[in-house]
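Q: Sending over a structure as C-alpha coordinates; questions will come in a sec.
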Amino acid sequence: MSLADESNNDDTGQKIKSLYFDILNSKGTKGTYAESDNEEDEKKHVKKLNKKRAKELRKQQKKIRITDKKEGSSSDELPFFMRDASIIAAQKERAAEAAAAAAEAARAKKKKRKKSSSSSDDSDEDSSSDDKKKKKKDKKKKKKDKKKSKKAKKKDSSSSS
(Lines give C-alpha, C1' and ligand atoms only; values in the text may rest on other atoms or scores of the structure.)
Protein backbone atom coordinates (compact mmCIF):
# COMPACT_ATOMS: atom_id res chain seq x y z
CA MET A 1 0.00 0.00 0.00
CA SER A 2 1.11 3.43 -0.74
CA LEU A 3 0.98 6.42 1.53
CA ALA A 4 -1.87 7.95 -0.48
CA ASP A 5 -4.03 4.87 0.08
CA GLU A 6 -3.38 4.87 3.83
CA SER A 7 -4.28 8.53 4.17
CA ASN A 8 -7.42 7.94 2.12
CA ASN A 9 -8.44 5.02 4.37
CA ASP A 10 -7.55 7.11 7.41
CA ASP A 11 -9.84 9.95 6.30
CA THR A 12 -12.70 7.50 5.65
CA GLY A 13 -12.09 5.87 9.02
CA GLN A 14 -12.18 9.25 10.74
CA LYS A 15 -15.45 10.16 9.02
CA ILE A 16 -17.01 6.85 9.99
CA LYS A 17 -15.89 7.31 13.61
CA SER A 18 -17.29 10.80 13.81
CA LEU A 19 -20.62 9.72 12.30
CA TYR A 20 -20.79 6.76 14.68
CA PHE A 21 -20.28 8.96 17.74
CA ASP A 22 -22.74 11.52 16.39
CA ILE A 23 -25.35 8.77 16.16
CA LEU A 24 -24.55 7.59 19.68
CA ASN A 25 -24.89 11.09 21.02
CA SER A 26 -28.08 11.68 19.01
CA LYS A 27 -26.70 14.70 17.17
CA GLY A 28 -28.78 15.91 14.29
CA THR A 29 -31.96 14.14 15.35
CA LYS A 30 -35.21 15.92 16.00
CA GLY A 31 -35.38 15.08 19.67
CA THR A 32 -33.21 13.29 22.11
CA TYR A 33 -34.62 11.01 24.75
CA ALA A 34 -34.20 12.44 28.20
CA GLU A 35 -34.79 9.74 30.79
CA SER A 36 -35.35 12.14 33.66
CA ASP A 37 -38.05 13.99 31.71
CA ASN A 38 -39.95 10.81 30.87
CA GLU A 39 -39.74 8.96 34.17
CA GLU A 40 -43.33 9.77 35.07
CA ASP A 41 -44.65 8.55 31.73
CA GLU A 42 -42.62 5.37 32.04
CA LYS A 43 -44.03 4.68 35.49
CA LYS A 44 -47.58 5.13 34.17
CA HIS A 45 -46.81 2.83 31.26
CA VAL A 46 -45.33 0.15 33.50
CA LYS A 47 -48.34 0.37 35.81
CA LYS A 48 -50.69 0.01 32.84
CA LEU A 49 -48.79 -3.02 31.54
CA ASN A 50 -48.85 -4.64 34.97
CA LYS A 51 -52.62 -4.14 35.17
CA LYS A 52 -53.05 -5.76 31.76
CA ARG A 53 -50.91 -8.72 32.73
CA ALA A 54 -52.82 -9.19 35.97
CA LYS A 55 -56.13 -9.03 34.13
CA GLU A 56 -55.02 -11.62 31.59
CA LEU A 57 -53.79 -13.86 34.39
CA ARG A 58 -57.14 -13.64 36.16
CA LYS A 59 -58.90 -14.54 32.90
CA GLN A 60 -56.68 -17.58 32.44
CA GLN A 61 -57.21 -18.72 36.02
CA LYS A 62 -60.96 -18.29 35.66
CA LYS A 63 -60.96 -20.40 32.49
CA ILE A 64 -58.96 -23.09 34.25
CA ARG A 65 -61.37 -23.10 37.20
CA ILE A 66 -64.35 -23.38 34.87
CA THR A 67 -62.85 -26.29 32.95
CA ASP A 68 -61.95 -27.99 36.23
CA LYS A 69 -65.54 -27.64 37.42
CA LYS A 70 -66.84 -29.07 34.13
CA GLU A 71 -64.50 -32.03 34.36
CA GLY A 72 -65.35 -32.45 38.01
CA SER A 73 -61.73 -32.47 38.99
CA SER A 74 -60.59 -31.49 42.43
CA SER A 75 -57.36 -29.95 43.63
CA ASP A 76 -55.82 -33.33 44.47
CA GLU A 77 -56.17 -34.63 40.91
CA LEU A 78 -53.34 -34.56 38.44
CA PRO A 79 -53.24 -31.94 35.68
CA PHE A 80 -54.46 -33.08 32.27
CA PHE A 81 -51.01 -33.31 30.69
CA MET A 82 -49.75 -35.64 33.44
CA ARG A 83 -52.52 -38.22 33.06
CA ASP A 84 -51.94 -41.50 31.29
CA ALA A 85 -54.32 -44.29 30.28
CA SER A 86 -54.16 -46.14 33.60
CA ILE A 87 -54.94 -43.03 35.62
CA ILE A 88 -57.84 -42.10 33.33
CA ALA A 89 -59.21 -45.66 33.57
CA ALA A 90 -59.03 -45.54 37.37
CA GLN A 91 -60.83 -42.20 37.41
CA LYS A 92 -63.58 -43.55 35.15
CA GLU A 93 -63.92 -46.60 37.39
CA ARG A 94 -64.26 -44.42 40.49
CA ALA A 95 -66.85 -42.26 38.72
CA ALA A 96 -68.81 -45.36 37.68
CA GLU A 97 -68.74 -46.69 41.25
CA ALA A 98 -69.93 -43.36 42.59
CA ALA A 99 -72.75 -43.28 40.03
CA ALA A 100 -73.77 -46.83 40.95
CA ALA A 101 -73.77 -45.96 44.64
CA ALA A 102 -75.88 -42.87 43.97
CA ALA A 103 -78.34 -44.91 41.89
CA GLU A 104 -78.58 -47.51 44.64
CA ALA A 105 -79.24 -44.82 47.23
CA ALA A 106 -81.92 -43.30 45.00
CA ARG A 107 -83.60 -46.69 44.61
CA ALA A 108 -83.55 -47.29 48.35
CA LYS A 109 -85.00 -43.83 48.96
CA LYS A 110 -87.73 -44.47 46.39
CA LYS A 111 -88.66 -47.81 48.00
CA LYS A 112 -88.79 -46.16 51.39
CA ARG A 113 -91.01 -43.40 50.01
CA LYS A 114 -93.36 -45.93 48.41
CA LYS A 115 -93.64 -47.91 51.63
CA SER A 116 -94.40 -44.80 53.66
CA SER A 117 -96.95 -43.51 51.13
CA SER A 118 -98.76 -46.88 50.90
CA SER A 119 -98.99 -47.22 54.67
CA SER A 120 -100.38 -43.71 55.17
CA ASP A 121 -104.10 -43.22 55.56
CA ASP A 122 -104.39 -40.37 53.02
CA SER A 123 -107.44 -40.17 50.81
CA ASP A 124 -107.26 -40.97 47.07
CA GLU A 125 -107.53 -37.29 46.18
CA ASP A 126 -104.43 -36.34 48.15
CA SER A 127 -102.35 -39.14 46.65
CA SER A 128 -103.49 -38.25 43.11
CA SER A 129 -102.51 -34.61 43.62
CA ASP A 130 -99.13 -35.79 44.94
CA ASP A 131 -98.73 -37.90 41.81
CA LYS A 132 -99.53 -34.87 39.64
CA LYS A 133 -96.93 -32.80 41.48
CA LYS A 134 -94.34 -35.56 41.00
CA LYS A 135 -95.10 -35.73 37.29
CA LYS A 136 -94.68 -31.97 36.95
CA LYS A 137 -91.34 -32.11 38.74
CA ASP A 138 -90.21 -34.96 36.50
CA LYS A 139 -91.16 -32.98 33.39
CA LYS A 140 -89.24 -29.94 34.61
CA LYS A 141 -86.18 -32.06 35.33
CA LYS A 142 -86.31 -33.59 31.86
CA LYS A 143 -86.57 -30.16 30.25
CA LYS A 144 -83.59 -28.90 32.25
CA ASP A 145 -81.57 -31.98 31.33
CA LYS A 146 -82.38 -31.47 27.64
CA LYS A 147 -81.34 -27.82 27.80
CA LYS A 148 -78.09 -28.72 29.56
CA SER A 149 -77.27 -31.42 27.03
CA LYS A 150 -78.00 -29.00 24.13
CA LYS A 151 -75.74 -26.35 25.69
CA ALA A 152 -73.00 -28.92 26.23
CA LYS A 153 -73.28 -30.06 22.60
CA LYS A 154 -73.11 -26.47 21.37
CA LYS A 155 -70.05 -25.76 23.51
CA ASP A 156 -68.37 -28.98 22.38
CA SER A 157 -69.02 -28.19 18.73
CA SER A 158 -67.87 -24.56 19.08
CA SER A 159 -64.73 -25.49 21.02
CA SER A 160 -63.77 -28.23 18.54
CA SER A 161 -64.12 -25.84 15.59
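Simple scheme: letters A, B, ... for chains in C-alpha coordinates order, numbers from 1 for residues in each chain, numbers from 1 for ligands in the order shown.
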Please return as a PyMOL selection string: the residues of region 11-114 of chain A that backbone DSSP assigns to alpha helix (DSSP H).

A: chain A and resi 11-24+39-71+85-114

Q: What gap, in Å, lies between CA of Ile88 (chain A) and CA of Asp68 (chain A)?

A: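 CA of Asp68 (chain A) lies 15.0 Å from CA of Ile88 (chain A).
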
Q: Report, in Å with one decimal, the straight-line distance from CA of Lys146 (chain A) to CA of Phe80 (chain A).

A: 28.3 Å

Q: Please, what distance in Å, to one decimal, runs between CA of Ser36 (chain A) and CA of Tyr20 (chain A)?

A: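 Atom-to-atom, CA of Ser36 (chain A) to CA of Tyr20 (chain A), that is 24.5 Å.
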